[in-house]
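Notes follow the structure.
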Amino acid sequence: MTIKIDNEIYYTVKDLTSILNLTELTIRNYLRKKKLLGYKPGQFWYVSQANLKLFLEGNKKRKRFLGVF
């Protein structure tokens with residue numbers, strides 16, 4: 001369930017599974033390793049729409065870079 005706070009949208013790990021087509025375990029690992037930036041104010045992770053966009057842009061750049069070789 002997405003959450004909106006002060007005009008910013010936050011996604012839960014479960015939301016991100018359908019958006020990114022990754023498992024919950026993979027997303028949590030990305031969050032722990034800071035490959036994907038998120039917030040964990042208690043028991044659950046939340047990722048802002050801005051941080052999700054940065055993550056997706058970073059992956060596109062990485063794929064283009066690897067595609068050169």
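Just remember, in the structure tokens the first chain shown is A, the second B, etc., residues are 1-based per chain, and ligands are 1-based in the order shown.
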* To do: Would you list the contacts of region 29-40 of chain A as number ranges by chain, taking every protein, DNA or RNA residue within 12 Å and counting only C-alpha atoms, but skipping same-chain residues closer than 6 positions in sequence?
  => A: 10-13, 16, 20, 22-23, 46-59
* To do: May I have all residues of chain A that DSSP, computed from the backbone, assigns to helix (DSSP H, G or I), given as a PyMOL selection string?
  => chain A and resi 13-20+24-32+49-68
* Can you check which residues of chain A DSSP gives as strand (DSSP E) on the backbone and send them as a list of chain:residue names? =>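 Going through chain A, the strand (DSSP E) residues come out as A:Ile3, A:Lys4, A:Ile5, A:Glu8, A:Ile9, A:Tyr10, A:Tyr11, A:Thr12, A:Tyr46, A:Val47, A:Ser48.
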Next, the residues of the selection above should be written as a CSV table (one decimal), in the first residue's frame with C-alpha atoms.
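Generated file (out-v3.csv):
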```csv
chain,number,residue,atom,x,y,z
A,3,ILE,CA,1.6,6.1,1.4
A,4,LYS,CA,1.5,9.8,0.7
A,5,ILE,CA,3.1,12.3,3.1
A,8,GLU,CA,5.7,12.6,-1.5
A,9,ILE,CA,4.7,9.0,-2.4
A,10,TYR,CA,6.3,6.2,-0.4
A,11,TYR,CA,6.2,2.5,-1.5
A,12,THR,CA,6.4,-0.6,0.7
A,46,TYR,CA,9.5,2.6,2.8
A,47,VAL,CA,11.0,3.9,-0.4
A,48,SER,CA,10.1,7.3,-1.7
```
